[in-house]
>>> print(open('run-v8.pdb').read())   # PDB, C-alpha atoms
MODEL        1
ATOM      1  CA  ASN A   1      -7.428 -21.028  24.422
ATOM      2  CA  LEU A   2      -4.769 -21.610  21.796
ATOM      3  CA  GLY A   3      -0.987 -21.522  22.017
ATOM      4  CA  GLN A   4       1.566 -21.368  19.219
ATOM      5  CA  ALA A   5       5.286 -22.149  19.186
ATOM      6  CA  GLN A   6       7.845 -21.886  16.419
ATOM      7  CA  ASP A   7      11.303 -23.455  16.308
ATOM      8  CA  LEU A   8      13.475 -21.673  13.760
ATOM      9  CA  ASP A   9      16.976 -22.497  12.541
ATOM     10  CA  VAL A  10      18.663 -20.289   9.934
ATOM     11  CA  GLU A  11      22.059 -20.520   8.249
ATOM     12  CA  LEU A  12      22.913 -17.584   6.014
ATOM     13  CA  PHE A  13      25.835 -16.639   3.809
ATOM     14  CA  SER A  14      26.015 -13.354   1.908
ATOM     15  CA  HIS A  15      28.700 -11.465   0.050
ATOM     16  CA  GLU A  16      28.863  -8.189  -1.829
ATOM     17  CA  LEU A  17      31.626  -6.887  -4.061
ATOM     18  CA  ARG A  18      31.795  -3.249  -5.131
ATOM     19  CA  LEU A  19      34.066  -1.375  -7.510
ATOM     20  CA  VAL A  20      33.941   2.393  -7.017
ATOM     21  CA  SER A  21      35.608   5.122  -9.065
ATOM     22  CA  ASN A  22      37.437   8.129  -7.675
ATOM     23  CA  ASP A  23      34.999  10.871  -6.691
ATOM     24  CA  ASP A  24      37.108  13.899  -7.596
ATOM     25  CA  GLY A  25      36.063  14.085 -11.259
ATOM     26  CA  ALA A  26      32.932  15.207 -13.092
ATOM     27  CA  PHE A  27      32.045  11.572 -13.880
ATOM     28  CA  ARG A  28      31.716   8.962 -11.129
ATOM     29  CA  TRP A  29      30.527   5.375 -11.138
ATOM     30  CA  LEU A  30      30.160   2.209  -9.135
ATOM     31  CA  ALA A  31      29.428  -1.402 -10.075
ATOM     32  CA  GLY A  32      28.830  -4.447  -7.943
ATOM     33  CA  ALA A  33      27.504  -7.940  -7.430
ATOM     34  CA  TYR A  34      25.633  -9.529  -4.546
ATOM     35  CA  TYR A  35      25.049 -13.167  -3.530
ATOM     36  CA  LEU A  36      22.846 -14.659  -0.826
ATOM     37  CA  ASP A  37      22.344 -18.285   0.255
ATOM     38  CA  THR A  38      19.871 -18.999   3.065
ATOM     39  CA  ASN A  39      18.838 -22.336   4.567
ATOM     40  CA  ARG A  40      15.838 -22.013   6.886
ATOM     41  CA  SER A  41      14.076 -24.756   8.842
ATOM     42  CA  LEU A  42      10.842 -23.949  10.656
ATOM     43  CA  ARG A  43       8.520 -26.008  12.837
ATOM     44  CA  THR A  44       5.148 -24.496  13.796
ATOM     45  CA  ARG A  45       2.906 -26.065  16.428
ATOM     46  CA  VAL A  46      -0.545 -25.046  17.663
ATOM     47  CA  ILE A  47      -1.974 -26.554  20.849
ATOM     48  CA  VAL A  48      -4.892 -26.326  23.230
ATOM     49  CA  ASP A  49      -3.405 -24.072  25.916
ATOM     50  CA  LEU A  50      -4.362 -25.240  29.403
ATOM     51  CA  ASP A  51      -1.831 -23.567  31.712
ATOM     52  CA  ASN A  52       0.421 -21.206  29.659
ATOM     53  CA  SER A  53       3.412 -23.555  30.002
ATOM     54  CA  ALA A  54       5.918 -24.453  27.281
ATOM     55  CA  ALA A  55       5.819 -28.130  28.329
ATOM     56  CA  GLN A  56       2.371 -28.469  26.756
ATOM     57  CA  PHE A  57       3.887 -28.392  23.275
ATOM     58  CA  GLU A  58       5.401 -31.842  23.903
ATOM     59  CA  ASN A  59       1.981 -33.353  24.665
ATOM     60  CA  PRO A  60       0.524 -34.944  21.485
ATOM     61  CA  ALA A  61      -2.944 -35.029  23.062
ATOM     62  CA  LEU A  62      -3.052 -31.217  23.048
ATOM     63  CA  THR A  63      -1.601 -30.762  19.538
ATOM     64  CA  LEU A  64      -3.910 -29.312  16.891
ATOM     65  CA  LEU A  65      -1.290 -28.521  14.261
ATOM     66  CA  ASP A  66       2.322 -29.571  13.683
ATOM     67  CA  ARG A  67       3.968 -28.367  10.468
ATOM     68  CA  ILE A  68       7.621 -28.640   9.421
ATOM     69  CA  GLU A  69       9.231 -26.929   6.436
ATOM     70  CA  ASP A  70      12.731 -26.616   4.993
ATOM     71  CA  ASN A  71      13.396 -23.600   2.763
ATOM     72  CA  ASP A  72      16.401 -22.897   0.544
ATOM     73  CA  ASN A  73      16.844 -19.437  -0.930
ATOM     74  CA  GLN A  74      19.600 -18.606  -3.430
ATOM     75  CA  ALA A  75      19.658 -15.057  -4.739
ATOM     76  CA  TRP A  76      22.089 -12.929  -6.705
ATOM     77  CA  ALA A  77      22.104  -9.411  -8.101
ATOM     78  CA  LEU A  78      24.147  -7.160 -10.372
ATOM     79  CA  PHE A  79      23.968  -3.404  -9.910
ATOM     80  CA  GLY A  80      25.565  -0.236 -11.204
ATOM     81  CA  GLN A  81      25.331   3.522 -11.048
ATOM     82  CA  ALA A  82      26.806   6.416 -12.991
ATOM     83  CA  GLU A  83      26.812  10.066 -11.960
ATOM     84  CA  ILE A  84      27.842  13.061 -14.059
ATOM     85  CA  ASP A  85      28.053  16.775 -13.324
ATOM     86  CA  ILE A  86      26.322  18.295 -16.343
ATOM     87  CA  THR A  87      27.076  21.805 -15.061
ATOM     88  CA  GLU A  88      28.594  23.119 -11.858
ATOM     89  CA  ARG A  89      25.118  23.023 -10.317
ATOM     90  CA  LEU A  90      23.282  20.206 -12.114
ATOM     91  CA  THR A  91      24.090  16.517 -11.511
ATOM     92  CA  LEU A  92      22.436  13.523 -13.160
ATOM     93  CA  GLN A  93      22.535  10.036 -11.650
ATOM     94  CA  VAL A  94      21.448   6.860 -13.492
ATOM     95  CA  GLY A  95      21.410   3.441 -11.864
ATOM     96  CA  GLY A  96      19.980  -0.030 -12.157
ATOM     97  CA  ARG A  97      19.861  -3.382 -10.408
ATOM     98  CA  TYR A  98      18.952  -6.876 -11.636
ATOM     99  CA  ASP A  99      17.830  -9.466  -9.080
ATOM    100  CA  GLU A 100      17.225 -13.197  -9.446
ATOM    101  CA  ASP A 101      15.886 -15.174  -6.485
ATOM    102  CA  GLU A 102      15.246 -18.939  -6.455
ATOM    103  CA  ARG A 103      13.019 -20.368  -3.709
ATOM    104  CA  VAL A 104      12.814 -24.076  -2.854
ATOM    105  CA  GLN A 105      10.599 -25.539  -0.134
ATOM    106  CA  VAL A 106      10.369 -29.134   1.108
ATOM    107  CA  ASP A 107       7.965 -30.697   3.596
ATOM    108  CA  PRO A 108      10.138 -33.366   5.317
ATOM    109  CA  THR A 109       7.040 -35.279   6.414
ATOM    110  CA  THR A 110       5.651 -35.679   2.872
ATOM    111  CA  PRO A 111       7.381 -37.491  -0.035
ATOM    112  CA  ASN A 112       7.722 -35.614  -3.336
ATOM    113  CA  SER A 113       6.675 -32.338  -1.738
ATOM    114  CA  THR A 114       9.354 -30.094  -3.268
ATOM    115  CA  ARG A 115       8.145 -26.728  -4.552
ATOM    116  CA  THR A 116      10.393 -24.445  -6.614
ATOM    117  CA  THR A 117       9.944 -20.985  -8.093
ATOM    118  CA  THR A 118      12.187 -18.148  -9.298
ATOM    119  CA  PHE A 119      11.590 -14.398  -9.202
ATOM    120  CA  THR A 120      13.476 -11.858 -11.329
ATOM    121  CA  SER A 121      13.367  -8.076 -11.542
ATOM    122  CA  PHE A 122      15.210  -5.143 -13.074
ATOM    123  CA  GLN A 123      14.944  -1.916 -11.069
ATOM    124  CA  PRO A 124      16.014   1.382 -12.663
ATOM    125  CA  LYS A 125      16.660   4.642 -10.838
ATOM    126  CA  LEU A 126      17.069   8.182 -12.185
ATOM    127  CA  THR A 127      17.898  11.229 -10.049
ATOM    128  CA  GLY A 128      18.542  14.845 -10.957
ATOM    129  CA  THR A 129      20.048  17.216  -8.360
ATOM    130  CA  TYR A 130      20.311  20.991  -8.679
ATOM    131  CA  GLU A 131      22.474  23.034  -6.314
ATOM    132  CA  PHE A 132      21.091  26.555  -5.915
ATOM    133  CA  THR A 133      23.896  27.483  -3.495
ATOM    134  CA  PRO A 134      26.551  25.394  -1.704
ATOM    135  CA  ASP A 135      24.030  25.049   1.150
ATOM    136  CA  VAL A 136      20.729  24.554  -0.719
ATOM    137  CA  SER A 137      19.931  21.817  -3.231
ATOM    138  CA  ALA A 138      16.835  20.165  -4.687
ATOM    139  CA  TYR A 139      16.390  16.738  -6.235
ATOM    140  CA  ALA A 140      13.851  14.696  -8.199
ATOM    141  CA  THR A 141      13.931  10.892  -8.313
ATOM    142  CA  TYR A 142      12.197   8.145 -10.244
ATOM    143  CA  SER A 143      12.865   4.641  -8.976
ATOM    144  CA  GLU A 144      11.488   1.108  -8.966
ATOM    145  CA  GLY A 145      11.778  -1.433  -6.149
ATOM    146  CA  PHE A 146      11.368  -5.182  -5.762
ATOM    147  CA  ARG A 147      10.574  -7.585  -2.928
ATOM    148  CA  SER A 148      10.813 -11.265  -3.730
ATOM    149  CA  GLY A 149       7.878 -13.665  -3.386
ATOM    150  CA  GLY A 150       7.921 -17.083  -1.755
ATOM    151  CA  PHE A 151       6.025 -19.945  -0.142
ATOM    152  CA  ASN A 152       3.866 -20.081   2.947
ATOM    153  CA  ALA A 153       3.982 -23.165   5.165
ATOM    154  CA  PRO A 154       2.943 -26.477   3.557
ATOM    155  CA  GLY A 155      -0.767 -27.152   3.787
ATOM    156  CA  VAL A 156      -1.993 -23.623   4.571
ATOM    157  CA  ILE A 157      -4.988 -22.225   2.730
ATOM    158  CA  LEU A 158      -2.900 -19.736   0.684
ATOM    159  CA  PRO A 159       0.179 -21.696  -0.433
ATOM    160  CA  GLY A 160       2.394 -18.843  -1.648
ATOM    161  CA  PHE A 161       2.760 -15.166  -2.449
ATOM    162  CA  GLU A 162       3.975 -13.202  -5.465
ATOM    163  CA  ASP A 163       6.823 -10.709  -5.662
ATOM    164  CA  GLU A 164       6.000  -7.075  -4.954
ATOM    165  CA  THR A 165       7.090  -4.207  -7.201
ATOM    166  CA  LEU A 166       7.050  -0.514  -6.361
ATOM    167  CA  THR A 167       7.187   2.582  -8.563
ATOM    168  CA  ASN A 168       8.215   5.723  -6.688
ATOM    169  CA  TYR A 169       8.416   9.434  -7.505
ATOM    170  CA  GLU A 170      10.094  11.792  -5.051
ATOM    171  CA  LEU A 171      10.883  15.501  -4.817
ATOM    172  CA  GLY A 172      13.092  16.891  -2.098
ATOM    173  CA  LEU A 173      14.980  19.884  -0.761
ATOM    174  CA  LYS A 174      18.102  19.825   1.425
ATOM    175  CA  SER A 175      19.421  22.985   3.079
ATOM    176  CA  ARG A 176      21.849  24.307   5.666
ATOM    177  CA  PHE A 177      21.925  27.831   7.060
ATOM    178  CA  LEU A 178      23.133  29.921  10.030
ATOM    179  CA  ASP A 179      26.721  29.213   8.950
ATOM    180  CA  GLY A 180      26.028  25.488   8.843
ATOM    181  CA  ARG A 181      24.598  25.305  12.361
ATOM    182  CA  ALA A 182      21.052  24.551  11.174
ATOM    183  CA  SER A 183      19.508  22.261   8.580
ATOM    184  CA  LEU A 184      16.062  21.749   7.046
ATOM    185  CA  ASN A 185      15.164  18.858   4.737
ATOM    186  CA  LEU A 186      11.855  18.358   2.907
ATOM    187  CA  ALA A 187      10.618  15.454   0.793
ATOM    188  CA  ALA A 188       7.353  14.438  -0.875
ATOM    189  CA  PHE A 189       6.724  11.092  -2.545
ATOM    190  CA  MET A 190       4.141   9.180  -4.566
ATOM    191  CA  SER A 191       4.397   5.383  -4.650
ATOM    192  CA  ASP A 192       2.361   2.722  -6.420
ATOM    193  CA  SER A 193       2.745  -0.873  -5.276
ATOM    194  CA  GLU A 194       1.684  -3.898  -7.323
ATOM    195  CA  ASP A 195       1.125  -7.196  -5.489
ATOM    196  CA  PHE A 196       1.606  -5.457  -2.136
ATOM    197  CA  GLN A 197       2.719  -8.056   0.446
ATOM    198  CA  PHE A 198       1.039  -8.189   3.851
ATOM    199  CA  PHE A 199       1.080 -10.564   6.816
ATOM    200  CA  PHE A 200      -1.802 -11.970   8.840
ATOM    201  CA  VAL A 201      -2.721 -14.946  11.026
ATOM    202  CA  ASP A 202      -5.492 -17.349  10.025
ATOM    203  CA  VAL A 203      -6.788 -18.129  13.506
ATOM    204  CA  THR A 204      -8.966 -20.992  12.282
ATOM    205  CA  THR A 205      -5.848 -23.042  11.462
ATOM    206  CA  GLY A 206      -3.164 -21.208  13.465
ATOM    207  CA  SER A 207      -1.348 -20.373  10.222
ATOM    208  CA  GLN A 208       0.917 -17.385   9.675
ATOM    209  CA  ILE A 209       0.359 -16.243   6.096
ATOM    210  CA  ILE A 210       1.804 -13.726   3.638
ATOM    211  CA  SER A 211      -0.445 -12.715   0.743
ATOM    212  CA  ASN A 212      -0.758  -9.989  -1.900
ATOM    213  CA  LEU A 213      -3.030  -7.069  -2.691
ATOM    214  CA  GLY A 214      -3.231  -6.114  -6.366
ATOM    215  CA  GLU A 215      -2.674  -2.353  -6.093
ATOM    216  CA  VAL A 216      -1.842  -0.066  -3.166
ATOM    217  CA  SER A 217      -0.978   3.635  -3.378
ATOM    218  CA  ILE A 218       1.220   5.255  -0.719
ATOM    219  CA  ASN A 219       1.796   9.014  -0.800
ATOM    220  CA  GLY A 220       3.484  11.129   1.808
ATOM    221  CA  PHE A 221       5.551  14.030   3.034
ATOM    222  CA  ASP A 222       8.563  14.200   5.374
ATOM    223  CA  ALA A 223      10.360  17.114   6.987
ATOM    224  CA  ASP A 224      13.162  17.251   9.540
ATOM    225  CA  PHE A 225      15.284  19.988  11.091
ATOM    226  CA  SER A 226      18.219  20.426  13.435
ATOM    227  CA  VAL A 227      19.756  23.550  14.946
ATOM    228  CA  GLU A 228      22.783  24.111  17.154
ATOM    229  CA  ALA A 229      21.174  26.642  19.489
ATOM    230  CA  THR A 230      24.435  27.060  21.410
ATOM    231  CA  ASP A 231      27.821  25.344  21.462
ATOM    232  CA  LYS A 232      26.352  22.916  23.995
ATOM    233  CA  LEU A 233      22.668  22.597  22.980
ATOM    234  CA  THR A 234      21.292  21.014  19.791
ATOM    235  CA  LEU A 235      17.583  20.776  18.994
ATOM    236  CA  TYR A 236      16.024  18.570  16.309
ATOM    237  CA  GLY A 237      12.680  17.247  15.161
ATOM    238  CA  GLY A 238      10.615  15.946  12.288
ATOM    239  CA  ILE A 239       7.202  15.125  10.876
ATOM    240  CA  GLY A 240       6.021  12.402   8.540
ATOM    241  CA  VAL A 241       2.587  12.193   6.908
ATOM    242  CA  THR A 242       1.550   9.099   4.949
ATOM    243  CA  ASP A 243      -1.712   8.464   3.107
ATOM    244  CA  SER A 244      -2.215   4.930   1.835
ATOM    245  CA  GLU A 245      -5.131   3.319   0.010
ATOM    246  CA  ILE A 246      -5.910  -0.210  -1.127
ATOM    247  CA  GLU A 247      -7.165   0.276  -4.683
ATOM    248  CA  ASP A 248      -7.567  -3.300  -5.914
ATOM    249  CA  ILE A 249      -7.454  -6.754  -4.317
ATOM    250  CA  GLY A 250      -6.518  -8.389  -7.617
ATOM    251  CA  ASN A 251      -5.980 -11.797  -5.977
ATOM    252  CA  PRO A 252      -8.774 -14.357  -6.592
ATOM    253  CA  ALA A 253      -7.442 -16.796  -3.971
ATOM    254  CA  LEU A 254      -7.390 -14.055  -1.334
ATOM    255  CA  GLU A 255     -10.878 -12.872  -2.311
ATOM    256  CA  THR A 256     -12.212 -16.410  -1.854
ATOM    257  CA  PHE A 257     -10.503 -16.667   1.527
ATOM    258  CA  LEU A 258     -11.969 -13.324   2.646
ATOM    259  CA  ASN A 259     -15.471 -14.273   1.528
ATOM    260  CA  ASN A 260     -15.260 -17.584   3.405
ATOM    261  CA  ALA A 261     -14.050 -15.675   6.487
ATOM    262  CA  GLY A 262     -17.020 -13.304   6.271
ATOM    263  CA  VAL A 263     -14.956 -10.267   5.212
ATOM    264  CA  SER A 264     -16.526  -8.168   2.452
ATOM    265  CA  THR A 265     -14.163  -7.124  -0.321
ATOM    266  CA  ALA A 266     -16.015  -3.788  -0.319
ATOM    267  CA  ASP A 267     -14.632  -3.191   3.185
ATOM    268  CA  VAL A 268     -11.097  -3.733   1.890
ATOM    269  CA  ILE A 269     -11.166  -1.465  -1.174
ATOM    270  CA  GLY A 270     -10.440   2.085  -0.024
ATOM    271  CA  SER A 271      -8.947   0.982   3.300
ATOM    272  CA  LYS A 272      -5.465   1.960   4.417
ATOM    273  CA  SER A 273      -2.640  -0.518   3.947
ATOM    274  CA  PRO A 274      -1.825  -2.530   7.091
ATOM    275  CA  LYS A 275       0.968  -1.405   9.425
ATOM    276  CA  THR A 276       1.225   1.998   7.721
ATOM    277  CA  THR A 277       1.306   4.864  10.244
ATOM    278  CA  ASP A 278      -0.496   7.966   9.001
ATOM    279  CA  LEU A 279       1.378  10.501  11.161
ATOM    280  CA  THR A 280       4.675  10.567  13.056
ATOM    281  CA  LEU A 281       6.055  13.486  15.037
ATOM    282  CA  ASN A 282       9.300  13.702  16.973
ATOM    283  CA  ILE A 283      11.263  16.415  18.729
ATOM    284  CA  GLY A 284      14.312  16.253  20.936
ATOM    285  CA  GLY A 285      17.472  17.858  22.156
ATOM    286  CA  GLU A 286      21.026  17.135  23.302
ATOM    287  CA  PHE A 287      22.982  19.085  25.896
ATOM    288  CA  ILE A 288      26.734  18.580  26.327
ATOM    289  CA  PHE A 289      28.443  19.688  29.534
ATOM    290  CA  PRO A 290      31.999  19.294  30.923
ATOM    291  CA  ILE A 291      32.651  16.870  33.768
ATOM    292  CA  SER A 292      36.423  17.200  33.895
ATOM    293  CA  ASP A 293      39.325  17.968  31.583
ATOM    294  CA  ALA A 294      39.096  14.424  30.203
ATOM    295  CA  PHE A 295      35.331  13.754  30.202
ATOM    296  CA  GLU A 296      32.142  15.298  28.905
ATOM    297  CA  GLY A 297      28.557  14.441  29.821
ATOM    298  CA  LEU A 298      25.577  14.327  27.483
ATOM    299  CA  LEU A 299      21.905  14.702  28.359
ATOM    300  CA  ARG A 300      19.350  13.764  25.727
ATOM    301  CA  ALA A 301      15.561  13.933  25.689
ATOM    302  CA  ASP A 302      13.198  12.745  22.942
ATOM    303  CA  ILE A 303       9.454  12.573  22.527
ATOM    304  CA  GLU A 304       7.686  10.814  19.661
ATOM    305  CA  HIS A 305       4.050  10.529  18.616
ATOM    306  CA  GLN A 306       2.702   7.897  16.230
ATOM    307  CA  GLY A 307      -0.759   8.175  14.737
ATOM    308  CA  ASP A 308      -3.253   5.483  13.792
ATOM    309  CA  ARG A 309      -2.029   2.196  12.357
ATOM    310  CA  TYR A 310      -4.292  -0.623  11.235
ATOM    311  CA  TRP A 311      -3.302  -4.271  11.500
ATOM    312  CA  GLN A 312      -5.880  -5.813   9.133
ATOM    313  CA  ILE A 313      -6.652  -4.970   5.497
ATOM    314  CA  ASP A 314     -10.287  -4.113   6.332
ATOM    315  CA  ASN A 315      -9.013  -1.700   9.023
TER
ENDMDL
END
>>> encode(input="run-v8.pdb", output="structure tokens")
Amino acid sequence: NLGQAQDLDVELFSHELRLVSNDDGAFRWLAGAYYLDTNRSLRTRVIVDLDNSAAQFENPALTLLDRIEDNDNQAWALFGQAEIDITERLTLQVGGRYDEDERVQVDPTTPNSTRTTTFTSFQPKLTGTYEFTPDVSAYATYSEGFRSGGFNAPGVILPGFEDETLTNYELGLKSRFLDGRASLNLAAFMSDSEDFQFFFVDVTTGSQIISNLGEVSINGFDADFSVEATDKLTLYGGIGVTDSEIEDIGNPALETFLNNAGVSTADVIGSKSPKTTDLTLNIGGEFIFPISDAFEGLLRADIEHQGDRYWQIDN
């Protein structure tokens, strides 16, 4: 029986400044800057668990692992977006964001243990929107995303993880009808992730680890609707379908770890990405009724279904 405890202390400061143009013209824009400073101290302990009590963590005789880490994260970004009405129905939007993220980690128990790395990324976005009628429009988007890398705890078998980048294509339709009392929105997307980040626990050492998969594809479809059936009753619902596939491990350190753990890389290739739900369904309704001249009541009911979700990369 094993027990794990973590003591976490975080101090965070962030600020964002935006300049936005008036939106009543054919050309609109925004520009901004973002800054983040995070100081994070974490202590992780693993013990032989005898009686499920927290007091055991103060008993050195039961301690199997005791790691301490101090992390400093300074990040900043510049971003901008311009939007122009090419015709009365066609709008083009162009945007971009540049991120720079510096990570520093120190093990207070070990001299000269400082590790430093910096991640940078430029992420463009292009969207075209066509308005068939005032109530029906379609859009197409190309965009790129970025998630910074970092360090795992000092001394774990996989010391760090790379930044993740995503390339996404999306088509969508937005509509309102029945004099604005009903809506239907549709979207389909294709995404390719490089150095996909995922989380797992190495039970042999009690280590919580983030690592990367070389290539993961995530494709899907979403639809949602709402309708005001009466002045008092509104119904709504949605469906989401996601198909993911691990196409390449592309991480020699992870492959070595998997082989040593008895996990075949052949079982990983072709598997679904962890924590990705393949199907979600929801439907619900709201009913408003008068209580008095000054108060109204609201009754709401929802039901949601979530399909299979795998926790490990070999499913």
>>> atom_distance(input="run-v8.pdb", atom1="CA of Val241 (chain A)", atom2="CA of Leu186 (chain A)")
11.8 Å
>>> axis_aligned_box(input="run-v8.pdb", around="region 208-215 of chain A", padding_each_side="3 Å", output="JSON")
{"center_x": -0.7, "center_y": -9.9, "center_z": 1.7, "size_x": 11.0, "size_y": 21.0, "size_z": 22.0}
>>> resolve_selection(input="run-v8.pdb", expression="the PyMOL selection byres ((chain A and resi 36-40) around 10)", output="ChimeraX atom specification")
/A:8-16,34-35,41-42,69-77,101-105
>>> closest_residue(input="run-v8.pdb", among="A:Gln312, A:Thr87, A:Asn152, A:Gln93", to="Phe132 (chain A)", atoms="all atoms listed in the file")
A:Thr87
>>> closest_residue(input="run-v8.pdb", among="A:Leu166, A:Ile288, A:Leu50, A:Leu90", to="Ser137 (chain A)", atoms="only C-alpha atoms")
A:Leu90
>>> closest_residue(input="run-v8.pdb", among="A:Ala54, A:Ala188, A:Glu245, A:Ser211", to="Phe151 (chain A)", atoms="all atoms listed in the file")
A:Ser211
>>> resolve_selection(input="run-v8.pdb", expression="the PyMOL selection byres ((chain A and resi 168) around 9)", output="list in words")
Thr141, Tyr142, Ser143, Glu144, Gly145, Leu166, Thr167, Tyr169, Glu170, Phe189, Met190, Ser191, Asp192 and Ser193 of chain A
>>> closest_residue(input="run-v8.pdb", among="A:Leu171, A:Val106, A:Val203, A:Ala5", to="Asn219 (chain A)", atoms="all atoms listed in the file")
A:Leu171
>>> atom_distance(input="run-v8.pdb", atom1="CA of Thr127 (chain A)", atom2="CA of Val94 (chain A)")
6.6 Å
>>> resolve_selection(input="run-v8.pdb", expression="the PyMOL selection byres ((chain A and resi 233) around 9)", output="short mmCIF file (atom, residue, chain, number, x, y, z; two decimals) with C-alpha atoms, in the frame of the given file")
data_model
loop_
_atom_site.label_atom_id
_atom_site.label_comp_id
_atom_site.auth_asym_id
_atom_site.auth_seq_id
_atom_site.Cartn_x
_atom_site.Cartn_y
_atom_site.Cartn_z
CA VAL A 227 19.76 23.55 14.95
CA GLU A 228 22.78 24.11 17.15
CA ALA A 229 21.17 26.64 19.49
CA THR A 230 24.44 27.06 21.41
CA ASP A 231 27.82 25.34 21.46
CA LYS A 232 26.35 22.92 24.00
CA THR A 234 21.29 21.01 19.79
CA LEU A 235 17.58 20.78 18.99
CA GLY A 285 17.47 17.86 22.16
CA GLU A 286 21.03 17.14 23.30
CA PHE A 287 22.98 19.08 25.90
CA ILE A 288 26.73 18.58 26.33
#
>>> residues_near_point(input="run-v8.pdb", point="(17.9, 18.8, 1.9)", cutoff="9 Å", atoms="all atoms listed in the file", output="mmCIF file with C-alpha atoms, in the coordinates of the input")
data_model
loop_
_atom_site.group_PDB
_atom_site.id
_atom_site.type_symbol
_atom_site.label_atom_id
_atom_site.label_comp_id
_atom_site.auth_asym_id
_atom_site.auth_seq_id
_atom_site.Cartn_x
_atom_site.Cartn_y
_atom_site.Cartn_z
ATOM 1 C CA ASP A 135 24.030 25.049 1.150
ATOM 2 C CA VAL A 136 20.729 24.554 -0.719
ATOM 3 C CA SER A 137 19.931 21.817 -3.231
ATOM 4 C CA ALA A 138 16.835 20.165 -4.687
ATOM 5 C CA TYR A 139 16.390 16.738 -6.235
ATOM 6 C CA GLY A 172 13.092 16.891 -2.098
ATOM 7 C CA LEU A 173 14.980 19.884 -0.761
ATOM 8 C CA LYS A 174 18.102 19.825 1.425
ATOM 9 C CA SER A 175 19.421 22.985 3.079
ATOM 10 C CA ARG A 176 21.849 24.307 5.666
ATOM 11 C CA SER A 183 19.508 22.261 8.580
ATOM 12 C CA LEU A 184 16.062 21.749 7.046
ATOM 13 C CA ASN A 185 15.164 18.858 4.737
ATOM 14 C CA LEU A 186 11.855 18.358 2.907
ATOM 15 C CA ALA A 187 10.618 15.454 0.793
#
>>> atom_distance(input="run-v8.pdb", atom1="CA of Ile303 (chain A)", atom2="CA of Gly284 (chain A)")
6.3 Å
